[in-house]
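Shown below: model39.txt, with compact mmCIF, C-alpha atoms.
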# COMPACT_ATOMS: atom_id res chain seq x y z
CA MET B 5 0.00 0.00 0.00
CA ARG B 6 1.33 3.42 -0.95
CA ARG B 7 0.88 6.55 1.16
CA THR B 8 -0.83 9.46 -0.62
CA ARG B 9 -0.70 13.18 -0.01
CA ASN B 10 -2.84 16.03 -1.23
CA ALA B 11 -3.16 16.70 -4.96
CA VAL B 12 -5.72 17.96 -7.47
CA TYR B 13 -6.88 16.28 -10.66
CA PRO B 14 -8.63 18.27 -13.39
CA LEU B 15 -11.11 15.95 -15.04
CA ASP B 16 -12.52 16.93 -18.39
CA ILE B 17 -13.21 13.65 -20.14
CA GLY B 18 -16.94 13.82 -20.39
CA GLY B 19 -17.19 15.23 -16.89
CA SER B 20 -16.61 18.26 -14.72
CA ASN B 21 -13.95 18.68 -12.05
CA PRO B 22 -15.77 19.42 -8.81
CA SER B 23 -13.97 21.86 -6.56
CA LEU B 24 -13.09 21.05 -2.95
CA SER B 25 -15.93 23.23 -1.73
CA ALA B 26 -18.35 21.43 -4.02
CA LEU B 27 -17.19 18.09 -2.66
CA GLU B 28 -17.54 19.35 0.91
CA SER B 29 -21.11 20.46 0.22
CA GLN B 30 -21.94 16.98 -1.06
CA ASN B 31 -20.89 15.45 2.31
CA GLU B 32 -19.77 12.33 0.46
CA ILE B 33 -16.26 12.02 1.80
CA SER B 34 -14.74 12.28 5.25
CA MET B 35 -13.09 15.47 6.55
CA ASN B 36 -9.73 13.79 6.11
CA GLU B 37 -10.44 12.83 2.51
CA LYS B 38 -11.77 16.31 1.76
CA ARG B 39 -8.23 17.54 2.31
CA LYS B 40 -6.93 14.97 -0.16
CA ILE B 41 -7.98 15.71 -3.71
CA PHE B 42 -5.56 13.49 -5.53
CA THR B 43 -3.93 15.05 -8.55
CA ILE B 44 -1.82 13.70 -11.33
CA PRO B 45 -0.31 16.87 -12.86
CA LYS B 46 -1.19 17.21 -16.54
CA GLY B 47 0.72 18.54 -19.55
CA TYR B 48 2.79 17.21 -22.45
CA SER B 49 6.13 19.03 -22.12
CA LYS B 50 9.40 17.60 -20.82
CA LYS B 51 8.99 19.86 -17.81
CA ASP B 52 5.51 18.42 -17.17
CA THR B 53 6.91 14.87 -17.20
CA ALA B 54 9.59 15.89 -14.71
CA GLU B 55 6.93 17.49 -12.50
CA ARG B 56 4.90 14.30 -12.57
CA LEU B 57 7.91 12.24 -11.50
CA LYS B 58 8.46 14.63 -8.58
CA TRP B 59 4.77 14.46 -7.75
CA LEU B 60 4.80 10.66 -7.86
CA GLU B 61 7.69 10.53 -5.41
CA SER B 62 6.07 13.03 -3.02
CA THR B 63 2.71 11.25 -3.25
CA THR B 64 3.86 7.64 -2.92
CA ASP B 65 7.30 7.88 -1.29
CA PHE B 66 8.57 5.96 -4.33
CA GLU B 67 11.57 7.30 -6.23
CA TYR B 68 10.99 6.36 -9.85
CA ASP B 69 14.01 5.80 -12.13
CA ASP B 70 13.18 6.50 -15.77
CA ASN B 71 16.58 5.28 -17.04
CA LEU B 72 16.55 1.60 -16.13
CA GLU B 73 17.68 -0.82 -18.82
CA ASN B 74 18.77 -4.46 -18.88
CA GLN B 75 22.01 -5.63 -20.45
CA PRO B 76 21.75 -8.02 -23.43
CA GLU B 77 23.11 -10.83 -21.24
CA ASP B 78 20.00 -10.50 -19.04
CA LEU B 79 17.61 -11.23 -21.89
CA LYS B 80 18.11 -14.96 -22.34
CA GLY B 81 14.71 -16.58 -22.05
CA ILE B 82 12.99 -13.31 -22.95
CA ILE B 83 14.03 -12.59 -26.55
CA GLU B 84 16.33 -13.88 -29.31
CA ASN B 85 18.12 -11.90 -32.04
CA HIS B 86 18.10 -8.83 -29.78
CA ILE B 87 19.08 -5.53 -31.47
CA GLY B 88 17.85 -2.89 -29.03
CA TYR B 89 14.88 -1.49 -27.13
CA MET B 90 11.63 0.11 -28.26
CA LYS B 91 10.46 2.58 -25.64
CA ILE B 92 6.70 2.74 -25.12
CA PRO B 93 5.08 5.78 -23.46
CA MET B 94 4.15 5.11 -19.84
CA ALA B 95 1.75 6.82 -17.47
CA VAL B 96 0.16 6.24 -14.09
CA ALA B 97 -3.56 6.16 -13.35
CA GLY B 98 -5.10 6.71 -9.96
CA PRO B 99 -5.76 6.92 -7.15
CA LEU B 100 -7.17 3.41 -7.17
CA LYS B 101 -8.68 2.51 -3.82
CA ILE B 102 -9.09 -1.23 -3.30
CA GLU B 103 -10.43 -3.50 -0.62
CA GLY B 104 -9.56 -7.05 -1.64
CA LYS B 105 -8.34 -10.35 -0.31
CA TYR B 106 -4.77 -9.49 -1.26
CA ALA B 107 -4.72 -5.87 -2.50
CA ASN B 108 -5.72 -3.24 0.05
CA GLY B 109 -5.16 0.51 0.07
CA GLU B 110 -4.50 3.15 -2.56
CA PHE B 111 -2.42 2.61 -5.68
CA TYR B 112 -1.18 4.55 -8.67
CA VAL B 113 -1.20 2.00 -11.45
CA PRO B 114 1.50 2.01 -14.16
CA ILE B 115 0.21 1.67 -17.72
CA CYS B 116 1.80 1.67 -21.18
CA THR B 117 -0.37 2.69 -24.10
CA LEU B 118 -0.45 4.43 -27.47
CA GLU B 119 -4.13 5.33 -27.15
CA GLY B 120 -4.87 8.90 -26.15
CA THR B 121 -7.61 9.28 -23.48
CA LEU B 122 -6.96 5.86 -21.91
CA ALA B 123 -4.87 7.11 -18.97
CA LEU B 124 -7.26 9.94 -18.20
CA SER B 125 -10.32 7.75 -18.63
CA MET B 126 -8.99 5.05 -16.31
CA THR B 127 -8.11 7.76 -13.78
CA ARG B 128 -11.62 9.18 -13.99
CA GLY B 129 -13.16 5.80 -13.20
CA MET B 130 -10.75 5.37 -10.31
CA ILE B 131 -11.59 8.79 -8.87
CA ALA B 132 -15.33 8.17 -9.17
CA SER B 133 -15.04 4.88 -7.29
CA HIS B 134 -12.60 6.37 -4.76
CA ARG B 135 -15.07 9.09 -3.80
CA SER B 136 -17.71 6.45 -3.16
CA GLY B 137 -15.58 4.18 -1.00
CA GLY B 138 -13.39 2.36 -3.50
CA ILE B 139 -13.55 -0.95 -5.33
CA HIS B 140 -14.15 -4.27 -3.57
CA VAL B 141 -12.30 -7.16 -5.19
CA SER B 142 -12.48 -10.91 -4.67
CA HIS B 143 -9.82 -13.29 -5.97
CA ILE B 144 -11.72 -16.50 -6.72
CA LYS B 145 -9.04 -18.99 -7.77
CA GLN B 146 -5.76 -19.52 -9.59
CA GLU B 147 -5.70 -22.42 -12.05
CA LEU B 148 -3.51 -22.64 -15.14
CA SER B 149 -3.81 -25.60 -17.46
CA ARG B 150 -2.10 -27.51 -20.24
CA ALA B 151 -4.28 -30.02 -22.06
CA PRO B 152 -2.54 -32.88 -23.90
CA VAL B 153 -4.59 -35.33 -25.92
CA PHE B 154 -4.19 -39.15 -26.02
CA ILE B 155 -5.31 -41.14 -29.06
CA PHE B 156 -6.92 -44.60 -29.11
CA ASP B 157 -8.20 -46.97 -31.79
CA ASP B 158 -11.21 -48.20 -29.81
CA LEU B 159 -13.42 -47.08 -26.93
CA LYS B 160 -12.54 -49.92 -24.57
CA LYS B 161 -8.91 -48.84 -24.52
CA SER B 162 -9.87 -45.25 -23.81
CA ASP B 163 -12.18 -46.38 -20.97
CA HIS B 164 -9.39 -48.41 -19.36
CA PHE B 165 -7.02 -45.48 -19.84
CA ARG B 166 -9.31 -43.05 -18.04
CA LYS B 167 -9.64 -45.38 -15.05
CA TRP B 168 -5.86 -45.85 -14.99
CA ILE B 169 -5.38 -42.07 -14.80
CA ASP B 170 -7.72 -41.85 -11.80
CA ASP B 171 -6.05 -44.77 -10.07
CA ASN B 172 -2.54 -43.37 -10.58
CA PHE B 173 -3.17 -39.69 -9.94
CA LYS B 174 -0.93 -39.64 -6.85
CA LYS B 175 2.11 -40.81 -8.85
CA ILE B 176 1.34 -38.48 -11.75
CA LYS B 177 1.08 -35.58 -9.30
CA GLU B 178 4.45 -36.51 -7.82
CA ILE B 179 6.08 -36.45 -11.27
CA ALA B 180 4.41 -33.20 -12.31
CA GLU B 181 5.45 -31.38 -9.13
CA SER B 182 9.02 -32.70 -9.36
CA THR B 183 9.54 -30.31 -12.29
CA THR B 184 8.82 -27.14 -10.30
CA ASN B 185 9.64 -25.61 -6.94
CA TYR B 186 6.33 -23.79 -6.61
CA GLY B 187 3.70 -25.36 -8.84
CA LYS B 188 1.06 -27.71 -7.46
CA LEU B 189 -1.00 -30.11 -9.57
CA LEU B 190 -4.54 -29.63 -8.33
CA ARG B 191 -6.29 -32.17 -10.53
CA ILE B 192 -6.52 -33.68 -14.00
CA ASP B 193 -9.86 -33.07 -15.72
CA GLN B 194 -10.72 -35.69 -18.36
CA TYR B 195 -12.64 -34.96 -21.56
CA PRO B 196 -13.28 -38.01 -23.76
CA ILE B 197 -14.45 -37.17 -27.27
CA GLN B 198 -14.55 -39.61 -30.21
CA ASN B 199 -11.39 -41.75 -29.96
CA PHE B 200 -9.50 -39.06 -28.02
CA VAL B 201 -9.07 -38.40 -24.31
CA ILE B 202 -8.04 -34.89 -23.35
CA LEU B 203 -6.25 -34.59 -20.01
CA ASP B 204 -6.48 -31.05 -18.72
CA PHE B 205 -3.65 -30.65 -16.20
CA ILE B 206 -4.71 -27.94 -13.72
CA LEU B 207 -1.94 -26.33 -11.68
CA ASP B 208 -1.60 -23.60 -9.09
CA THR B 209 1.50 -21.78 -10.39
CA GLY B 210 2.26 -19.59 -7.36
CA ASN B 211 3.62 -16.16 -8.30
CA ALA B 212 4.52 -17.22 -11.85
CA ALA B 213 2.18 -16.77 -14.79
CA GLY B 214 3.15 -20.40 -15.31
CA GLN B 215 2.94 -21.14 -19.03
CA ASN B 216 6.33 -22.88 -19.12
CA MET B 217 5.68 -24.45 -15.72
CA VAL B 218 2.51 -26.24 -16.82
CA THR B 219 4.10 -27.24 -20.12
CA LEU B 220 7.03 -29.02 -18.48
CA ALA B 221 4.87 -30.59 -15.78
CA ALA B 222 2.41 -31.93 -18.37
CA LYS B 223 5.17 -33.18 -20.69
CA ASN B 224 6.99 -35.19 -18.01
CA SER B 225 3.71 -36.59 -16.72
CA CYS B 226 2.60 -37.62 -20.19
CA ASP B 227 5.94 -39.31 -20.87
CA TYR B 228 5.36 -41.38 -17.73
CA ILE B 229 1.76 -42.14 -18.73
CA LYS B 230 2.88 -43.27 -22.20
CA GLU B 231 5.61 -45.45 -20.67
CA LYS B 232 3.06 -47.21 -18.44
CA THR B 233 0.07 -47.41 -20.80
CA GLY B 234 1.56 -47.32 -24.29
CA ALA B 235 -0.89 -44.58 -25.28
CA GLU B 236 0.31 -42.00 -27.81
CA PHE B 237 -0.20 -38.30 -27.15
CA PHE B 238 0.27 -34.77 -28.41
CA LEU B 239 1.20 -32.26 -25.72
CA GLU B 240 -1.21 -29.56 -26.90
CA SER B 241 -4.78 -30.39 -27.86
CA GLY B 242 -5.91 -26.76 -28.01
CA PHE B 243 -8.58 -27.38 -25.39
CA ASN B 244 -6.96 -25.16 -22.76
CA SER B 245 -7.33 -22.26 -25.23
CA ASP B 246 -3.87 -20.84 -24.62
CA LYS B 247 -3.94 -17.30 -26.09
CA LYS B 248 -7.40 -17.83 -27.57
CA ALA B 249 -10.76 -16.62 -26.25
CA SER B 250 -13.10 -19.52 -25.53
CA ALA B 251 -16.22 -20.62 -23.71
CA ARG B 252 -14.01 -23.04 -21.77
CA ASN B 253 -12.01 -20.21 -20.24
CA MET B 254 -15.08 -18.08 -19.65
CA ILE B 255 -16.67 -20.84 -17.59
CA MET B 256 -13.65 -22.45 -15.92
CA GLY B 257 -11.04 -19.73 -16.02
CA ARG B 258 -7.37 -20.05 -16.89
CA GLY B 259 -4.95 -18.27 -14.59
CA HIS B 260 -6.47 -15.97 -11.99
CA SER B 261 -10.24 -15.52 -11.72
CA VAL B 262 -11.29 -12.23 -10.12
CA ILE B 263 -14.51 -10.27 -9.50
CA ALA B 264 -14.59 -6.52 -8.81
CA GLU B 265 -17.48 -4.35 -7.62
CA THR B 266 -18.01 -0.72 -6.69
CA THR B 267 -21.06 1.30 -5.63
CA ILE B 268 -21.09 4.92 -6.85
CA SER B 269 -23.56 7.53 -5.65
CA HIS B 270 -25.78 9.38 -8.07
CA SER B 271 -24.15 12.70 -7.20
CA VAL B 272 -20.65 11.38 -8.04
CA ILE B 273 -21.99 9.87 -11.27
CA ARG B 274 -23.29 13.30 -12.22
CA SER B 275 -20.33 15.38 -11.04
CA VAL B 276 -17.38 13.15 -12.00
CA LEU B 277 -18.75 10.88 -14.73
CA ASP B 278 -21.08 13.56 -16.16
CA ALA B 279 -23.72 10.91 -16.82
CA ASP B 280 -27.48 10.76 -16.51
CA ILE B 281 -28.73 7.83 -14.43
CA GLU B 282 -31.57 7.01 -16.81
CA ASN B 283 -29.17 6.92 -19.76
CA LEU B 284 -26.94 4.49 -17.88
CA LYS B 285 -29.95 2.21 -17.38
CA LYS B 286 -30.94 2.41 -21.04
CA TYR B 287 -27.43 1.75 -22.27
CA GLN B 288 -27.07 -1.24 -19.94
CA GLU B 289 -30.07 -2.90 -21.61
CA ILE B 290 -28.38 -2.85 -25.01
CA GLY B 291 -25.16 -4.71 -24.24
CA PRO B 292 -26.31 -8.29 -23.55
CA THR B 293 -28.43 -8.32 -26.71
CA THR B 294 -25.90 -6.83 -29.12
CA THR B 295 -22.92 -8.81 -27.83
CA ARG B 296 -24.94 -12.01 -28.18
CA LEU B 297 -25.80 -10.97 -31.74
CA ALA B 298 -22.10 -10.46 -32.47
CA GLY B 299 -21.20 -13.79 -30.87
CA THR B 300 -18.66 -12.34 -28.43
CA GLU B 301 -17.69 -14.15 -25.23
CA GLY B 302 -19.18 -12.23 -22.33
CA CYS B 303 -20.40 -8.65 -22.24
CA HIS B 304 -18.05 -5.70 -21.73
CA LEU B 305 -16.77 -2.68 -23.63
CA HIS B 306 -12.97 -2.86 -23.83
CA VAL B 307 -11.32 -4.94 -21.13
CA SER B 308 -8.41 -5.57 -23.53
CA ASN B 309 -7.37 -1.91 -23.27
CA ALA B 310 -6.76 -2.07 -19.53
CA LEU B 311 -5.13 -5.49 -19.68
CA THR B 312 -2.73 -4.62 -22.50
CA ALA B 313 -1.68 -1.35 -20.85
CA ILE B 314 -0.94 -2.96 -17.48
CA TYR B 315 0.57 -6.11 -19.01
CA LEU B 316 3.12 -4.04 -20.96
CA ALA B 317 4.00 -2.00 -17.88
CA THR B 318 4.43 -5.01 -15.57
CA GLY B 319 6.17 -7.51 -17.86
CA GLN B 320 3.30 -9.84 -18.67
CA ASP B 321 2.88 -11.88 -21.87
CA THR B 322 0.69 -9.47 -23.84
CA ALA B 323 -0.39 -12.22 -26.24
CA CYS B 324 -2.42 -13.60 -23.33
CA VAL B 325 -4.75 -10.62 -23.70
CA ALA B 326 -6.33 -12.64 -26.52
CA GLU B 327 -7.64 -15.16 -23.99
CA ASN B 328 -7.84 -12.86 -20.96
CA SER B 329 -10.06 -10.13 -22.42
CA ILE B 330 -13.26 -12.06 -21.79
CA GLY B 331 -15.57 -11.12 -18.98
CA HIS B 332 -18.89 -9.84 -17.75
CA TYR B 333 -19.55 -6.17 -17.00
CA GLN B 334 -22.89 -5.12 -15.54
CA ILE B 335 -24.55 -2.32 -13.61
CA GLU B 336 -27.28 -2.59 -10.98
CA PRO B 337 -29.22 0.66 -10.40
CA LEU B 338 -30.26 1.19 -6.77
CA GLU B 339 -32.22 3.95 -5.05
CA ASN B 340 -29.50 6.61 -4.75
CA GLU B 341 -26.52 4.82 -6.24
CA VAL B 342 -25.42 2.37 -8.90
CA LYS B 343 -23.42 -0.84 -8.49
CA PHE B 344 -20.83 -1.59 -11.17
CA ARG B 345 -19.42 -5.13 -11.46
CA LEU B 346 -16.81 -6.86 -13.57
CA THR B 347 -15.87 -10.55 -13.65
CA LEU B 348 -12.58 -11.53 -15.29
CA PRO B 349 -12.29 -15.34 -15.23
CA SER B 350 -8.94 -15.64 -16.99
CA LEU B 351 -5.95 -13.48 -16.04
CA THR B 352 -2.66 -15.17 -16.97
CA VAL B 353 -0.31 -12.97 -14.97
CA GLY B 354 2.64 -13.35 -12.63
CA THR B 355 5.21 -11.40 -10.65
CA VAL B 356 8.25 -13.62 -11.26
CA GLY B 357 9.85 -14.94 -14.44
CA GLY B 358 9.49 -13.82 -18.04
CA GLY B 359 9.20 -10.10 -18.67
CA THR B 360 8.95 -9.35 -14.94
CA ARG B 361 12.75 -9.82 -14.93
CA LEU B 362 13.14 -6.60 -16.93
CA LYS B 363 14.26 -3.73 -14.69
CA PRO B 364 11.61 -1.15 -15.76
CA GLN B 365 8.79 -3.69 -15.40
CA GLN B 366 10.15 -4.89 -12.07
CA GLN B 367 10.21 -1.30 -10.87
CA ASN B 368 6.54 -0.93 -11.84
CA LEU B 369 5.68 -4.03 -9.84
CA LYS B 370 7.44 -2.44 -6.86
CA LEU B 371 5.41 0.74 -7.38
CA ILE B 372 2.21 -1.24 -6.71
CA ASP B 373 3.76 -3.47 -4.04
CA CYS B 374 3.52 -6.66 -6.10
CA ILE B 375 7.13 -7.75 -5.91
CA GLU B 376 7.29 -9.74 -2.66
CA GLY B 377 5.21 -12.27 -0.76
CA ASP B 378 3.59 -15.60 -1.55
CA ASN B 379 0.44 -13.92 -2.89
CA ALA B 380 2.03 -11.18 -5.02
CA SER B 381 0.51 -12.47 -8.26
CA LYS B 382 -2.95 -12.69 -6.69
CA LYS B 383 -2.57 -9.09 -5.52
CA LEU B 384 -1.57 -8.04 -9.04
CA ALA B 385 -4.61 -9.82 -10.49
CA GLU B 386 -6.91 -7.94 -8.10
CA ILE B 387 -5.32 -4.60 -9.05
CA ILE B 388 -5.72 -5.41 -12.75
CA CYS B 389 -9.39 -6.34 -12.38
CA ALA B 390 -10.15 -3.20 -10.34
CA SER B 391 -8.34 -1.03 -12.90
CA ALA B 392 -10.24 -2.67 -15.75
CA LEU B 393 -13.52 -1.99 -13.94
CA ALA B 394 -12.58 1.69 -13.51
CA LEU B 395 -11.89 2.00 -17.23
CA GLU B 396 -15.15 0.22 -18.09
CA ILE B 397 -17.09 2.61 -15.87
CA SER B 398 -15.56 5.67 -17.50
CA LEU B 399 -16.13 4.52 -21.08
CA PHE B 400 -19.61 3.26 -20.27
CA SER B 401 -20.47 6.69 -18.84
CA ALA B 402 -18.93 8.52 -21.81
CA LEU B 403 -20.95 6.45 -24.29
CA ALA B 404 -24.16 6.82 -22.28
CA SER B 405 -23.68 10.60 -22.02
CA HIS B 406 -22.63 11.07 -25.68
CA THR B 407 -19.24 12.56 -24.70
CA PHE B 408 -17.10 9.71 -26.07
CA THR B 409 -16.36 11.35 -29.42
CA LYS B 410 -15.54 14.73 -27.87
CA ALA B 411 -13.01 13.15 -25.51
CA HIS B 412 -11.27 11.26 -28.28
CA MET B 413 -11.15 14.28 -30.55
CA LYS B 414 -9.51 16.24 -27.73
CA TYR B 415 -7.03 13.66 -26.39
CA GLY B 416 -6.86 10.83 -28.92
CA ARG B 417 -5.45 12.61 -31.96
Reformat the file's structure so that it appears as structure tokens.
Amino acid sequence: MRRTRNAVYPLDIGGSNPSLSALESQNEISMNEKRKIFTIPKGYSKKDTAERLKWLESTTDFEYDDNLENQPEDLKGIIENHIGYMKIPMAVAGPLKIEGKYANGEFYVPICTLEGTLALSMTRGMIASHRSGGIHVSHIKQELSRAPVFIFDDLKKSDHFRKWIDDNFKKIKEIAESTTNYGKLLRIDQYPIQNFVILDFILDTGNAAGQNMVTLAAKNSCDYIKEKTGAEFFLESGFNSDKKASARNMIMGRGHSVIAETTISHSVIRSVLDADIENLKKYQEIGPTTTRLAGTEGCHLHVSNALTAIYLATGQDTACVAENSIGHYQIEPLENEVKFRLTLPSLTVGTVGGGTRLKPQQQNLKLIDCIEGDNASKKLAEIICASALALEISLFSALASHTFTKAHMKYGR
């Protein structure tokens, strides 16, 4: 958790920037919070960037180094044929206030993007939720899978094979876990179809995203299974939907499964999000119908924007956005407030290994306190889900209030 000090944020993406006196008259925040209007200084000049770095240090007690770079010798396992670095613009969004199982407190979230308005829009959603108490987050589970397929020439053999797998799970688990210091084989789900049997190896991968971990664990296990049963296999059946959106991953999840929720008062919706409550209700009714018509998995506006931006900044495998950007976004209008919810069933993220070894990305993980502890990856997943919800809320409000185009014309070109 990072300590925050007073600041002021001018919001003008489809919404007004209420003054301190206006906030005080609303009686929506405590006396202590009334003295803390959190500001990320704006501007596009080199001087403005330097001011923001100073502000970030004074606000979070974190001294950010903009000149970190790995040596080529550090990049083994990350990239081949290396010729240099491509710098991507980076920003912070916040303050994000979270109450979760693993992430608690206020955060300024690092994001990398080439899309104008995204940083400001995410910040607007974070401020709106902050002024109404923050975002509640629940980490549901962490299960990454690799799904090899075994091939048989008749059903009797496949039936015997399936029973053998059940009977020998303890030994298979021992072999799978011998390949990793941190991974745990939770179960093997079986899916017989035609003359094939898919074995979906489900692992808890600790703080690693775990793609290589589950691959090695499944390969060694399948070699043992083939040795004992004679059954032929291919390591990847495609069933686990690695880097592909699927109904399987929507229902069962792959990686971290997280749900986020925030309740925002009508007055904050009007003053910060510049939205009409009735228009929010009307716009909510459209989504489930039109997304079903399009055949998309789930119902949301642009989860991939938040995921890609945070994945780049924190060293995640950005190709996983293809499978991770599925989810369910929904609002629930109440008497004087509106609940906003987002379920992300598949977040393939980690805080060790891969791109998290890069010094700039590692620094960003430190900025949000996701660098140490047994549950660092779960904490990161909660922060990502909460950030994605904030961005959904802001865009949803901009579309419902017809200010989306104006914002993009001002900041996105």
Practice item. Would you list the residues near (-17.6, -10.1, -16.4) (no more than 12 Å away, in the coordinates of the file, using all atoms listed in the file) as a ChimeraX atom specification? Key: /B:254-255,257,261-265,292,301-307,328-335,344-350,389-390,392-393,396
Selected residues written out with C-alpha atoms, as a compact mmCIF listing (two decimals), in the coordinates of the input:
# COMPACT_ATOMS: atom_id res chain seq x y z
CA MET B 254 -15.08 -18.08 -19.65
CA ILE B 255 -16.67 -20.84 -17.59
CA GLY B 257 -11.04 -19.73 -16.02
CA SER B 261 -10.24 -15.52 -11.72
CA VAL B 262 -11.29 -12.23 -10.12
CA ILE B 263 -14.51 -10.27 -9.50
CA ALA B 264 -14.59 -6.52 -8.81
CA GLU B 265 -17.48 -4.35 -7.62
CA PRO B 292 -26.31 -8.29 -23.55
CA GLU B 301 -17.69 -14.15 -25.23
CA GLY B 302 -19.18 -12.23 -22.33
CA CYS B 303 -20.40 -8.65 -22.24
CA HIS B 304 -18.05 -5.70 -21.73
CA LEU B 305 -16.77 -2.68 -23.63
CA HIS B 306 -12.97 -2.86 -23.83
CA VAL B 307 -11.32 -4.94 -21.13
CA ASN B 328 -7.84 -12.86 -20.96
CA SER B 329 -10.06 -10.13 -22.42
CA ILE B 330 -13.26 -12.06 -21.79
CA GLY B 331 -15.57 -11.12 -18.98
CA HIS B 332 -18.89 -9.84 -17.75
CA TYR B 333 -19.55 -6.17 -17.00
CA GLN B 334 -22.89 -5.12 -15.54
CA ILE B 335 -24.55 -2.32 -13.61
CA PHE B 344 -20.83 -1.59 -11.17
CA ARG B 345 -19.42 -5.13 -11.46
CA LEU B 346 -16.81 -6.86 -13.57
CA THR B 347 -15.87 -10.55 -13.65
CA LEU B 348 -12.58 -11.53 -15.29
CA PRO B 349 -12.29 -15.34 -15.23
CA SER B 350 -8.94 -15.64 -16.99
CA CYS B 389 -9.39 -6.34 -12.38
CA ALA B 390 -10.15 -3.20 -10.34
CA ALA B 392 -10.24 -2.67 -15.75
CA LEU B 393 -13.52 -1.99 -13.94
CA GLU B 396 -15.15 0.22 -18.09
Review point. Expressed in Å to a single decimal, how great is the separation between CA of Ser391 in chain B and CA of Gln367 in chain B?
Key: 18.7 Å
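Going from CA of Leu338 in chain B over to CA of Lys285 in chain B, you cover 10.7 Å.
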Exercise for review: One decimal, Å: what's the distance from CA of Ala402 in chain B over to CA of Val353 in chain B, could you say?
Suggested key: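 It comes out at 29.2 Å.
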Point to revise | Minimum-distance residue to Tyr106 in chain B, chosen among B:His143, B:Ser225, B:Gln215, B:Ile388 (using all atoms listed in the file) | key: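 Ranking B:His143, B:Ser225, B:Gln215, B:Ile388 by distance to Tyr106 in chain B, first place goes to B:His143.
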